[in-house]
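Source file: coords.txt. Holds: compact mmCIF, C-alpha atoms.
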```txt
# COMPACT_ATOMS: atom_id res chain seq x y z
CA MET H 7 22.65 14.50 42.44
CA SER H 8 26.41 14.19 42.01
CA THR H 9 27.93 13.99 38.55
CA ILE H 10 28.37 10.45 37.23
CA GLU H 11 31.76 9.90 35.66
CA LYS H 12 32.20 8.13 32.32
CA SER H 13 34.93 5.84 33.65
CA MET H 14 35.39 4.23 37.03
CA ARG H 15 37.83 2.37 39.21
CA GLY H 16 37.30 -1.31 39.75
CA ILE H 17 38.90 -4.73 40.13
CA VAL H 18 38.43 -7.15 37.26
CA LEU H 19 38.97 -10.89 37.13
CA ILE H 20 40.80 -11.65 33.87
CA ASP H 21 40.80 -15.47 34.07
CA HIS H 22 40.53 -18.40 36.47
CA GLY H 23 43.48 -18.78 38.79
CA GLY H 24 45.16 -17.18 41.78
CA PRO H 25 44.93 -13.64 43.14
CA GLU H 26 47.21 -12.47 40.32
CA MET H 27 44.12 -12.74 38.11
CA LEU H 28 42.59 -9.76 39.92
CA GLN H 29 43.57 -6.49 38.24
CA TYR H 30 42.89 -3.00 39.55
CA ARG H 31 41.90 -0.61 36.77
CA GLU H 32 40.86 3.02 36.55
CA ASP H 33 39.52 3.02 32.98
CA ILE H 34 36.43 0.83 33.25
CA ALA H 35 33.37 2.26 31.54
CA VAL H 36 30.61 3.16 33.97
CA PRO H 37 27.66 0.88 33.18
CA VAL H 38 24.44 2.42 31.91
CA ALA H 39 21.11 1.35 33.37
CA THR H 40 18.79 -0.21 30.82
CA ALA H 41 15.04 0.43 30.98
CA ASN H 42 14.39 -1.77 34.04
CA GLN H 43 17.69 -1.30 35.85
CA VAL H 44 19.14 1.08 38.42
CA LEU H 45 22.69 2.43 38.60
CA ILE H 46 24.20 2.14 42.07
CA ARG H 47 27.17 3.98 43.56
CA VAL H 48 28.91 1.27 45.59
CA CYS H 49 29.97 2.24 49.12
CA ALA H 50 30.98 -1.11 50.59
CA ALA H 51 31.34 -4.68 49.36
CA ALA H 52 32.12 -7.82 51.36
CA VAL H 53 34.28 -10.84 50.53
CA ASN H 54 32.65 -14.23 49.94
CA ASN H 55 33.46 -17.85 49.26
CA THR H 56 31.49 -17.48 46.03
CA ASP H 57 33.90 -14.88 44.69
CA ILE H 58 36.94 -17.03 45.46
CA ASN H 59 35.32 -20.21 44.16
CA THR H 60 34.51 -18.47 40.88
CA ARG H 61 38.03 -17.07 40.59
CA THR H 62 39.66 -20.47 41.13
CA GLY H 63 37.17 -22.40 39.00
CA TRP H 64 36.12 -24.52 42.00
CA TYR H 65 32.56 -24.95 40.76
CA SER H 66 33.68 -26.82 37.67
CA LYS H 67 33.06 -30.56 37.48
CA ASN H 68 35.01 -31.04 34.24
CA ASP H 69 38.64 -31.19 33.21
CA ASN H 70 38.00 -28.15 31.05
CA GLY H 71 36.92 -25.90 33.89
CA SER H 72 36.32 -22.89 31.68
CA VAL H 73 33.01 -24.27 30.38
CA ASP H 74 31.22 -24.71 33.71
CA ALA H 75 33.16 -22.78 36.34
CA GLY H 76 30.46 -20.20 37.00
CA TRP H 77 28.13 -20.32 39.97
CA SER H 78 25.24 -21.46 37.75
CA GLY H 79 27.26 -24.17 35.99
CA THR H 80 28.05 -22.12 32.90
CA GLY H 81 31.27 -20.46 31.79
CA ILE H 82 32.44 -17.00 32.84
CA ASP H 83 32.86 -14.13 30.40
CA PHE H 84 36.14 -12.34 31.12
CA PRO H 85 36.96 -9.75 32.21
CA ARG H 86 34.43 -9.98 35.03
CA ILE H 87 33.84 -7.61 37.93
CA GLN H 88 33.07 -9.79 40.96
CA GLY H 89 31.55 -8.89 44.31
CA ALA H 90 28.22 -10.29 45.50
CA ASP H 91 27.74 -8.32 48.75
CA VAL H 92 26.95 -4.67 48.07
CA CYS H 93 25.61 -1.67 49.91
CA GLY H 94 25.25 1.55 47.93
CA TYR H 95 23.02 4.36 46.70
CA ILE H 96 20.90 4.57 43.58
CA VAL H 97 22.23 7.43 41.43
CA ALA H 98 20.35 6.86 38.16
CA VAL H 99 17.43 4.80 36.91
CA GLY H 100 16.25 3.31 33.63
CA ASP H 101 13.31 4.65 31.65
CA ASN H 102 10.80 2.27 33.30
CA ILE H 103 11.85 3.01 36.88
CA ASP H 104 10.45 5.79 39.08
CA ALA H 105 13.05 8.56 39.37
CA GLN H 106 12.06 8.97 43.02
CA ARG H 107 14.21 5.92 43.72
CA ILE H 108 17.31 8.04 43.12
CA GLY H 109 19.03 8.57 46.47
CA GLU H 110 17.77 5.37 48.10
CA ARG H 111 20.31 3.36 50.07
CA VAL H 112 19.99 -0.23 48.89
CA LEU H 113 21.24 -3.77 49.35
CA ILE H 114 21.48 -5.94 46.25
CA GLU H 115 19.85 -9.35 46.28
CA PRO H 116 22.73 -11.49 44.93
CA CYS H 117 20.69 -14.37 43.49
CA LEU H 118 19.17 -12.87 40.34
CA SER H 119 15.98 -13.89 38.58
CA LYS H 120 15.89 -10.98 36.14
CA ASP H 121 18.70 -9.34 34.18
CA GLY H 122 17.09 -6.01 33.36
CA LYS H 123 15.50 -7.17 30.11
CA HIS H 124 13.65 -10.41 30.83
CA ALA H 125 13.11 -13.13 33.41
CA LEU H 126 15.91 -15.68 33.55
CA THR H 127 15.15 -19.35 32.95
CA SER H 128 17.46 -20.25 35.84
CA ALA H 129 18.96 -18.18 38.64
CA CYS H 130 22.32 -16.53 38.13
CA TYR H 131 24.62 -14.86 40.61
CA TYR H 132 25.57 -11.24 40.84
CA GLY H 133 29.33 -10.98 40.31
CA SER H 134 29.54 -14.36 38.57
CA GLU H 135 27.29 -14.51 35.50
CA CYS H 136 27.15 -10.71 35.40
CA ASP H 137 29.32 -7.90 36.76
CA GLY H 138 29.13 -7.27 40.48
CA GLY H 139 30.15 -4.75 43.09
CA PHE H 140 33.95 -4.57 43.20
CA ALA H 141 33.82 -1.23 41.39
CA GLN H 142 32.60 2.32 41.95
CA TYR H 143 29.33 1.71 40.10
CA THR H 144 27.17 -1.26 39.25
CA VAL H 145 23.82 -1.92 37.58
CA VAL H 146 21.13 -4.41 38.50
CA ASP H 147 17.48 -4.99 37.71
CA ALA H 148 15.48 -2.68 39.98
CA ARG H 149 13.62 -5.59 41.59
CA HIS H 150 16.91 -6.82 43.05
CA ALA H 151 17.82 -3.44 44.64
CA TYR H 152 16.09 -3.42 48.05
CA THR H 153 15.72 -0.17 49.95
CA VAL H 154 17.00 -0.45 53.50
CA ASN H 155 16.27 2.04 56.29
CA SER H 156 18.71 1.48 59.11
CA PRO H 157 21.13 3.38 61.36
CA LEU H 158 23.83 0.83 60.47
CA THR H 159 26.83 2.00 58.44
CA ASP H 160 27.38 1.04 54.80
CA ILE H 161 30.16 -1.33 55.86
CA GLU H 162 27.89 -3.01 58.40
CA LEU H 163 25.07 -3.36 55.90
CA ALA H 164 27.40 -4.92 53.32
CA THR H 165 27.82 -7.91 55.62
CA PHE H 166 24.22 -9.01 55.07
CA PRO H 167 23.19 -9.76 51.45
CA CYS H 168 24.99 -12.97 50.48
CA SER H 169 25.59 -14.78 53.76
CA TYR H 170 22.38 -13.85 55.51
CA SER H 171 20.14 -14.50 52.51
CA THR H 172 21.81 -17.88 52.03
CA ALA H 173 21.26 -18.73 55.69
CA GLU H 174 17.66 -17.51 55.68
CA ASN H 175 16.96 -19.51 52.54
CA MET H 176 18.27 -22.70 54.15
CA LEU H 177 16.25 -22.17 57.31
CA SER H 178 13.16 -21.39 55.27
CA ARG H 179 13.54 -24.45 53.04
CA ALA H 180 14.02 -26.65 56.12
CA ASN H 181 11.01 -24.99 57.79
CA VAL H 182 12.87 -24.27 61.02
CA SER H 183 10.66 -23.36 63.96
CA ALA H 184 10.85 -22.86 67.72
CA ALA H 185 10.30 -26.60 68.22
CA ASP H 186 13.56 -27.52 66.45
CA THR H 187 17.07 -28.30 67.57
CA VAL H 188 19.31 -27.02 64.78
CA LEU H 189 22.92 -28.07 64.20
CA ILE H 190 25.04 -25.65 62.14
CA SER H 191 28.38 -26.65 60.62
CA GLY H 192 31.00 -24.05 59.74
CA ALA H 193 29.25 -21.82 62.22
CA SER H 194 31.93 -19.13 62.52
CA GLY H 195 31.87 -18.20 58.83
CA GLY H 196 29.65 -15.58 57.24
CA VAL H 197 26.74 -17.93 56.48
CA GLY H 198 27.16 -19.95 59.65
CA SER H 199 27.20 -16.95 61.98
CA ALA H 200 24.19 -15.57 60.10
CA ALA H 201 22.38 -18.89 60.51
CA ILE H 202 22.91 -18.75 64.28
CA GLN H 203 21.21 -15.36 64.52
CA LEU H 204 18.41 -16.21 62.12
CA ALA H 205 17.66 -19.55 63.77
CA LYS H 206 17.52 -17.82 67.15
CA ALA H 207 15.15 -15.25 65.61
CA ARG H 208 12.88 -18.25 64.99
CA SER H 209 13.40 -19.31 68.65
CA ALA H 210 15.09 -22.61 67.72
CA TYR H 211 17.67 -24.31 69.93
CA VAL H 212 21.03 -23.86 68.18
CA ILE H 213 24.11 -26.06 68.33
CA ALA H 214 27.12 -24.58 66.51
CA ILE H 215 30.21 -26.44 65.28
CA THR H 216 33.46 -24.44 65.20
CA SER H 217 37.08 -24.42 66.33
CA PRO H 218 37.76 -24.15 70.09
CA ALA H 219 39.20 -20.64 69.68
CA LYS H 220 35.89 -19.29 68.35
CA GLN H 221 33.47 -20.96 70.74
CA GLN H 222 32.86 -18.00 73.04
CA GLN H 223 32.21 -15.68 70.12
CA LEU H 224 29.46 -17.98 68.87
CA LEU H 225 27.93 -18.23 72.33
CA ASN H 226 27.90 -14.43 72.38
CA LEU H 227 26.01 -14.51 69.06
CA GLY H 228 23.28 -16.57 70.66
CA ALA H 229 24.24 -20.21 70.12
CA ASP H 230 22.85 -22.39 72.92
CA GLN H 231 25.65 -24.93 72.64
CA VAL H 232 29.00 -24.96 70.84
CA ILE H 233 31.04 -28.06 70.03
CA SER H 234 34.43 -28.49 68.44
CA ARG H 235 34.67 -29.48 64.79
CA ASP H 236 37.21 -32.10 65.87
CA ASP H 237 34.74 -33.82 68.20
CA ASP H 238 33.02 -37.11 67.46
CA LEU H 239 29.61 -35.57 66.90
CA VAL H 240 27.61 -38.71 67.60
CA ALA H 241 29.48 -39.38 70.84
CA THR H 242 29.02 -35.77 71.93
CA LEU H 243 25.37 -35.25 70.98
CA GLY H 244 23.98 -38.76 70.63
CA GLU H 245 22.14 -40.40 67.76
CA ASN H 246 18.75 -38.98 66.78
CA SER H 247 19.38 -35.78 68.72
CA VAL H 248 18.71 -32.97 66.20
CA ASP H 249 15.83 -31.95 63.95
CA VAL H 250 17.69 -29.92 61.34
CA VAL H 251 21.25 -29.84 60.05
CA ILE H 252 22.36 -26.62 58.33
CA ASP H 253 25.50 -27.74 56.53
CA LEU H 254 28.16 -25.56 54.93
CA VAL H 255 31.07 -27.98 55.21
CA ALA H 256 30.28 -31.54 53.98
CA GLY H 257 33.63 -33.42 53.98
CA GLU H 258 34.60 -36.55 55.87
CA GLN H 259 32.41 -35.78 58.87
CA TRP H 260 29.27 -35.75 56.75
CA PRO H 261 27.93 -39.29 57.52
CA GLN H 262 27.65 -38.33 61.18
CA PHE H 263 25.05 -35.69 60.34
CA LEU H 264 22.62 -38.39 59.22
CA GLN H 265 23.21 -40.33 62.42
CA LEU H 266 22.39 -37.22 64.44
CA LEU H 267 19.12 -36.52 62.63
CA ARG H 268 15.93 -37.82 64.17
CA PRO H 269 13.56 -39.85 61.96
CA GLY H 270 11.57 -37.50 59.76
CA SER H 271 14.10 -34.69 60.11
CA ARG H 272 15.66 -32.28 57.58
CA TYR H 273 19.09 -31.62 56.14
CA ALA H 274 19.85 -28.41 54.21
CA VAL H 275 23.14 -27.72 52.43
CA SER H 276 24.59 -24.68 50.69
CA GLY H 277 28.34 -25.22 50.85
CA ALA H 278 31.07 -27.83 50.84
CA ILE H 279 34.22 -26.15 52.14
CA GLY H 280 35.30 -29.42 53.78
CA GLY H 281 35.06 -31.33 50.49
CA PRO H 282 32.18 -31.88 48.04
CA ILE H 283 32.40 -35.68 47.79
CA VAL H 284 30.76 -37.49 50.72
CA GLU H 285 29.78 -41.06 51.60
CA LEU H 286 26.04 -41.66 51.74
CA ASP H 287 24.43 -44.83 53.02
CA VAL H 288 21.12 -44.62 51.20
CA ARG H 289 19.54 -46.94 53.75
CA THR H 290 19.92 -44.23 56.40
CA LEU H 291 18.23 -41.74 54.11
CA TYR H 292 15.12 -43.78 53.44
CA LEU H 293 14.83 -45.75 56.67
CA LYS H 294 14.85 -42.53 58.69
CA ASP H 295 12.50 -40.75 56.26
CA LEU H 296 14.90 -37.82 55.96
CA SER H 297 14.33 -34.80 53.73
CA PHE H 298 17.30 -33.27 51.89
CA PHE H 299 17.35 -29.69 50.63
CA GLY H 300 19.98 -28.38 48.24
CA CYS H 301 19.75 -24.61 48.60
CA THR H 302 20.87 -22.32 45.81
CA ALA H 303 18.19 -20.04 44.31
CA LEU H 304 16.53 -17.85 46.92
CA GLY H 305 12.86 -18.27 47.69
CA PRO H 306 10.62 -15.33 46.67
CA ASP H 307 10.26 -13.90 50.19
CA VAL H 308 13.75 -14.56 51.55
CA PHE H 309 15.45 -11.26 50.79
CA GLN H 310 12.53 -9.14 51.95
CA ASN H 311 12.46 -11.17 55.16
CA LEU H 312 16.13 -10.32 55.59
CA ILE H 313 15.48 -6.59 55.06
CA ASP H 314 12.73 -6.77 57.67
CA TYR H 315 15.09 -8.43 60.18
CA ILE H 316 17.68 -5.69 59.57
CA GLU H 317 15.23 -2.81 59.90
CA THR H 318 13.73 -4.20 63.11
CA GLY H 319 17.14 -4.91 64.64
CA LYS H 320 16.56 -8.64 65.05
CA ILE H 321 19.95 -9.45 63.56
CA LYS H 322 23.25 -7.64 63.85
CA PRO H 323 26.23 -7.28 61.52
CA ILE H 324 29.49 -8.99 62.33
CA VAL H 325 32.40 -7.09 60.80
CA ALA H 326 35.59 -9.09 61.27
CA HIS H 327 37.94 -6.82 59.29
CA THR H 328 37.81 -3.97 56.78
CA PHE H 329 40.22 -3.30 53.91
CA PRO H 330 40.71 -0.46 51.45
CA PHE H 331 39.14 -1.31 48.11
CA LYS H 332 42.45 -1.81 46.29
CA GLU H 333 43.47 -4.53 48.76
CA LEU H 334 40.98 -7.15 47.60
CA ALA H 335 43.71 -9.79 47.17
CA SER H 336 44.89 -9.23 50.76
CA ALA H 337 41.30 -9.41 52.00
CA GLN H 338 40.77 -12.72 50.22
CA ALA H 339 44.05 -14.08 51.60
CA LEU H 340 42.91 -13.28 55.14
CA PHE H 341 39.49 -14.75 54.37
CA LEU H 342 41.07 -18.06 53.31
CA LYS H 343 42.90 -18.39 56.62
CA LYS H 344 39.48 -18.90 58.29
CA LYS H 345 40.60 -17.28 61.52
CA HIS H 346 37.80 -14.74 61.61
CA VAL H 347 34.17 -14.71 62.70
CA GLY H 348 31.75 -12.84 60.49
CA LYS H 349 32.55 -10.85 57.34
CA ILE H 350 35.53 -9.11 55.75
CA VAL H 351 34.45 -5.90 54.00
CA LEU H 352 36.02 -3.61 51.39
CA ASP H 353 35.50 0.12 51.92
CA LEU H 354 34.71 1.92 48.64
CA SER H 355 33.55 5.15 50.23
CA GLU H 356 36.72 7.00 49.21
CA GLU H 357 36.81 5.65 45.66
```
Using the file provided, produce a representation of the structure as structure tokens.
Amino acid sequence: MSTIEKSMRGIVLIDHGGPEMLQYREDIAVPVATANQVLIRVCAAAVNNTDINTRTGWYSKNDNGSVDAGWSGTGIDFPRIQGADVCGYIVAVGDNIDAQRIGERVLIEPCLSKDGKHALTSACYYGSECDGGFAQYTVVDARHAYTVNSPLTDIELATFPCSYSTAENMLSRANVSAADTVLISGASGGVGSAAIQLAKARSAYVIAITSPAKQQQLLNLGADQVISRDDDLVATLGENSVDVVIDLVAGEQWPQFLQLLRPGSRYAVSGAIGGPIVELDVRTLYLKDLSFFGCTALGPDVFQNLIDYIETGKIKPIVAHTFPFKELASAQALFLKKKHVGKIVLDLSEE
């Protein structure tokens, strides 16, 4: 086993705000695994909406955003190491963890139910309510470090944890099956492109919404039909034409989703990049007997299902771009342009 340094390099968020709030440091203390935790040497970490939303305070619903700007609706303790998508190797374990786990390559389940000492009363997010993976080392409760056996590279594996578990959770909550026609908004992003693959793994018929420039890429991923986000959805698809909406956008187009849903159908949401405030005609909700699912905390089997999909090759990574670790701000700037399909990943292998 390689020597574990006492200090490490990492990027810390010092307050809410712009990319200037991200500071690269070389004097961060290496965390120590408590009794139920493992210490992980980070090899690759991907960029997410969650990281940017936390940095900017987007989650806050109050004028004083500092009190509720975390992913779970609480405040953030600064400085904070972000980074929710991590692939790495276990290099040390706590007293209650089998030392044979040292050397395992793992993915970290980002939605945490245990913090290394006790079960949490509500889910928190890795890299938001606790330090994450934008550093050489990180600690997490052992139950959230999942061994993965795959020929994929560390960078490829880092594309999976956040986006794919979010997508799998939405599909699971909405009980998607081969009998369903599934409409996915924001389908070219990390979660959307994951949802395409995972819905096809369930043999559903998939309709993806994206920009015209990205349509062929989504067809190549397995989407059965791709429509432009600028289209009139009802005119294009017809009322009562889909069984499930997997929504990551919300925004002004949102009322059309309810028109598209057949009576007795399901709507699952885990994002609002188009705007969080929407217009709901409650009559449509109850007269069509629709079921709504807000999807945040992962179901108990979701992450293991994801590991199984990876190990059996049923889903594939989509690496849009890679950046050196120090260039997190540049990676986030490219991410915000929304010109890519898939994930943007930071390479920590040389750190």
Open item on the list: Just checking: using all atoms listed in the file, which residue out of H:Ser119, H:Thr40, H:Gln29, H:Asn54 ends up closest to Ala164 in chain H?
Closed with: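 For Ala164 in chain H, the nearest of the given residues is H:Asn54.
Residue nearest Ala278 in chain H within the list H:Trp260, H:Phe298, H:Phe329, H:Phe309: H:Trp260 [criterion: smallest interatomic distance, all atoms listed in the file].
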List every residue of range 79-170 of chain H that has an atom at most 9 Å from any atom of range 301-304 of chain H, and for each one report the closest atom pair and its distance in Å to one decimal, counting only C-alpha atoms, with rows sorted by chain and then by increasing residue number, as JSON lines.
```
{"residue": "H:Cys117", "atom": "CA", "partner": "H:Ala303", "partner_atom": "CA", "distance": 6.3}
{"residue": "H:Leu118", "atom": "CA", "partner": "H:Ala303", "partner_atom": "CA", "distance": 8.3}
{"residue": "H:Ser119", "atom": "CA", "partner": "H:Ala303", "partner_atom": "CA", "distance": 8.7}
{"residue": "H:Ser128", "atom": "CA", "partner": "H:Ala303", "partner_atom": "CA", "distance": 8.5}
{"residue": "H:Ala129", "atom": "CA", "partner": "H:Ala303", "partner_atom": "CA", "distance": 6.0}
{"residue": "H:Cys130", "atom": "CA", "partner": "H:Ala303", "partner_atom": "CA", "distance": 8.2}
```
Kindly export the residues of the current selection with C-alpha atoms, as an mmCIF file, in the coordinates of the input.
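After the write, part.cif holds the following:
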```
data_model
loop_
_atom_site.group_PDB
_atom_site.id
_atom_site.type_symbol
_atom_site.label_atom_id
_atom_site.label_comp_id
_atom_site.auth_asym_id
_atom_site.auth_seq_id
_atom_site.Cartn_x
_atom_site.Cartn_y
_atom_site.Cartn_z
ATOM 1 C CA CYS H 117 20.690 -14.370 43.490
ATOM 2 C CA LEU H 118 19.170 -12.870 40.340
ATOM 3 C CA SER H 119 15.980 -13.890 38.580
ATOM 4 C CA SER H 128 17.460 -20.250 35.840
ATOM 5 C CA ALA H 129 18.960 -18.180 38.640
ATOM 6 C CA CYS H 130 22.320 -16.530 38.130
#
```
Task: Selection near Asn55 in chain H, 10 Å with only C-alpha atoms, sequence-local residues under 4 positions removed, as a list in words - done: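 What passes the distance filter is Asn59, Thr60, Arg61, Ala90, Cys168, Ser169, Gly195, Gly196, Val197, Gly277, Ile279, Gln338, Phe341 and Leu342 of chain H.
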- [ ] Find, counting all atoms listed in the file, the residue in H:Ile17, H:Val255, H:Cys49, H:Val248 that gets nearest to Val284 in chain H.
- [x]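 Counting all atoms listed in the file, the residue closest to Val284 in chain H is H:Val255.
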Task: Contacts of Ala274 in chain H within 8 Å, all atoms listed in the file, excl. fewer than 6 positions in-chain, as a ChimeraX atom specification - done: /H:176-177,179-180,250-253,298-301
Task: Residue nearest Gln262 in chain H among H:Ala201, H:Ile103, H:Leu189, H:Leu113 (counting only C-alpha atoms) - done: H:Leu189
Open item on the list: One decimal, in Å: what's the spacing between CA of Tyr315 in chain H and CA of Ala207 in chain H?
Closed with: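 Separation between CA of Tyr315 in chain H and CA of Ala207 in chain H: 8.7 Å.
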Please tabulate, as JSON lines, the residues of range 91-209 of chain H that come within 8 Å of range 218-240 of chain H, each with its closest pair of atoms and the distance in Å to one decimal, counting all atoms listed in the file and ordering rows by chain, then residue number upward.
```
{"residue": "H:Ala193", "atom": "CA", "partner": "H:Leu224", "partner_atom": "CA", "distance": 7.7}
{"residue": "H:Ser194", "atom": "CA", "partner": "H:Leu224", "partner_atom": "CA", "distance": 6.9}
{"residue": "H:Ser199", "atom": "CA", "partner": "H:Leu224", "partner_atom": "CA", "distance": 7.3}
{"residue": "H:Ile202", "atom": "CA", "partner": "H:Ala229", "partner_atom": "CA", "distance": 6.2}
{"residue": "H:Gln203", "atom": "CA", "partner": "H:Gly228", "partner_atom": "CA", "distance": 6.6}
{"residue": "H:Lys206", "atom": "CA", "partner": "H:Gly228", "partner_atom": "CA", "distance": 6.9}
```
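Restricting the calculation to all atoms listed in the file, the smallest distance between Lys320 in chain H and any of H:Cys93, H:Val351, H:Leu243, H:Ala205 is found for H:Ala205.
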- [ ] Find the residues around range 18-26 of chain H up to 8 Å (only C-alpha atoms counted), leave out those fewer than 2 positions away in its own chain, and share them as a list in words.
- [x] Gly16, Leu28, Gln29, Tyr30, Arg31, Thr60, Arg61, Thr62, Gly63, Ser72, Phe84, Pro85, Arg86, Ile87, Gln88, Phe140 and Ala335 of chain H
Task: Pick from H:Leu286, H:Gly138, H:Ala151, H:Thr80 nearest to Arg111 in chain H, counting all atoms listed in the file - done: H:Ala151
TODO: Please indicate the distance in Å from CA of His346 in chain H to CA of Ala200 in chain H, rounded to one decimal place.
DONE: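 CA of Ala200 in chain H lies 13.7 Å from CA of His346 in chain H.
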- [ ] Give me, please, the distance in Å between CA of Ser276 in chain H and CA of Val146 in chain H, quoted to one decimal.
- [x] 23.9 Å
Open item on the list: Which polymer residues, whether protein, DNA or RNA, lie within 10 Å of the coordinate (24.2, -43.9, 55.9) when you count only C-alpha atoms? List them as a PyMOL selection string, using the chain letters and numbers from the file.
Closed with: chain H and resi 260-265+285-294
Output range 97-104 of chain H as a compact mmCIF listing (two decimals), keeping the file's coordinate frame, making sure all heavy atoms are there.
```txt
# COMPACT_ATOMS: atom_id res chain seq x y z
N VAL H 97 21.88 6.12 41.96
CA VAL H 97 22.23 7.43 41.43
C VAL H 97 21.59 7.70 40.07
O VAL H 97 21.61 8.84 39.59
CB VAL H 97 23.77 7.61 41.34
CG1 VAL H 97 24.39 7.60 42.73
CG2 VAL H 97 24.39 6.52 40.48
N ALA H 98 21.06 6.68 39.43
CA ALA H 98 20.35 6.86 38.16
C ALA H 98 19.44 5.66 37.96
O ALA H 98 19.67 4.58 38.50
CB ALA H 98 21.33 6.99 36.99
N VAL H 99 18.39 5.87 37.15
CA VAL H 99 17.43 4.80 36.91
C VAL H 99 17.13 4.71 35.42
O VAL H 99 17.29 5.67 34.67
CB VAL H 99 16.11 5.02 37.69
CG1 VAL H 99 16.37 5.05 39.19
CG2 VAL H 99 15.42 6.32 37.24
N GLY H 100 16.68 3.51 35.00
CA GLY H 100 16.25 3.31 33.63
C GLY H 100 14.91 3.95 33.35
O GLY H 100 14.21 4.41 34.27
N ASP H 101 14.52 3.95 32.09
CA ASP H 101 13.31 4.65 31.65
C ASP H 101 12.05 4.13 32.32
O ASP H 101 11.08 4.89 32.49
CB ASP H 101 13.16 4.53 30.13
CG ASP H 101 14.23 5.30 29.38
OD1 ASP H 101 14.86 6.20 29.99
OD2 ASP H 101 14.46 5.00 28.19
N ASN H 102 12.02 2.85 32.71
CA ASN H 102 10.80 2.27 33.30
C ASN H 102 10.75 2.35 34.82
O ASN H 102 9.80 1.85 35.43
CB ASN H 102 10.67 0.80 32.88
CG ASN H 102 10.43 0.64 31.40
OD1 ASN H 102 10.01 1.58 30.72
ND2 ASN H 102 10.71 -0.55 30.87
N ILE H 103 11.75 2.98 35.42
CA ILE H 103 11.85 3.01 36.88
C ILE H 103 11.57 4.42 37.39
O ILE H 103 12.06 5.41 36.83
CB ILE H 103 13.25 2.55 37.34
CG1 ILE H 103 13.60 1.19 36.72
CG2 ILE H 103 13.32 2.47 38.86
CD1 ILE H 103 12.60 0.09 37.00
N ASP H 104 10.81 4.51 38.47
CA ASP H 104 10.45 5.79 39.08
C ASP H 104 11.71 6.53 39.51
O ASP H 104 12.52 6.02 40.29
CB ASP H 104 9.54 5.54 40.29
CG ASP H 104 8.92 6.81 40.84
OD1 ASP H 104 9.44 7.91 40.58
OD2 ASP H 104 7.90 6.69 41.55
```
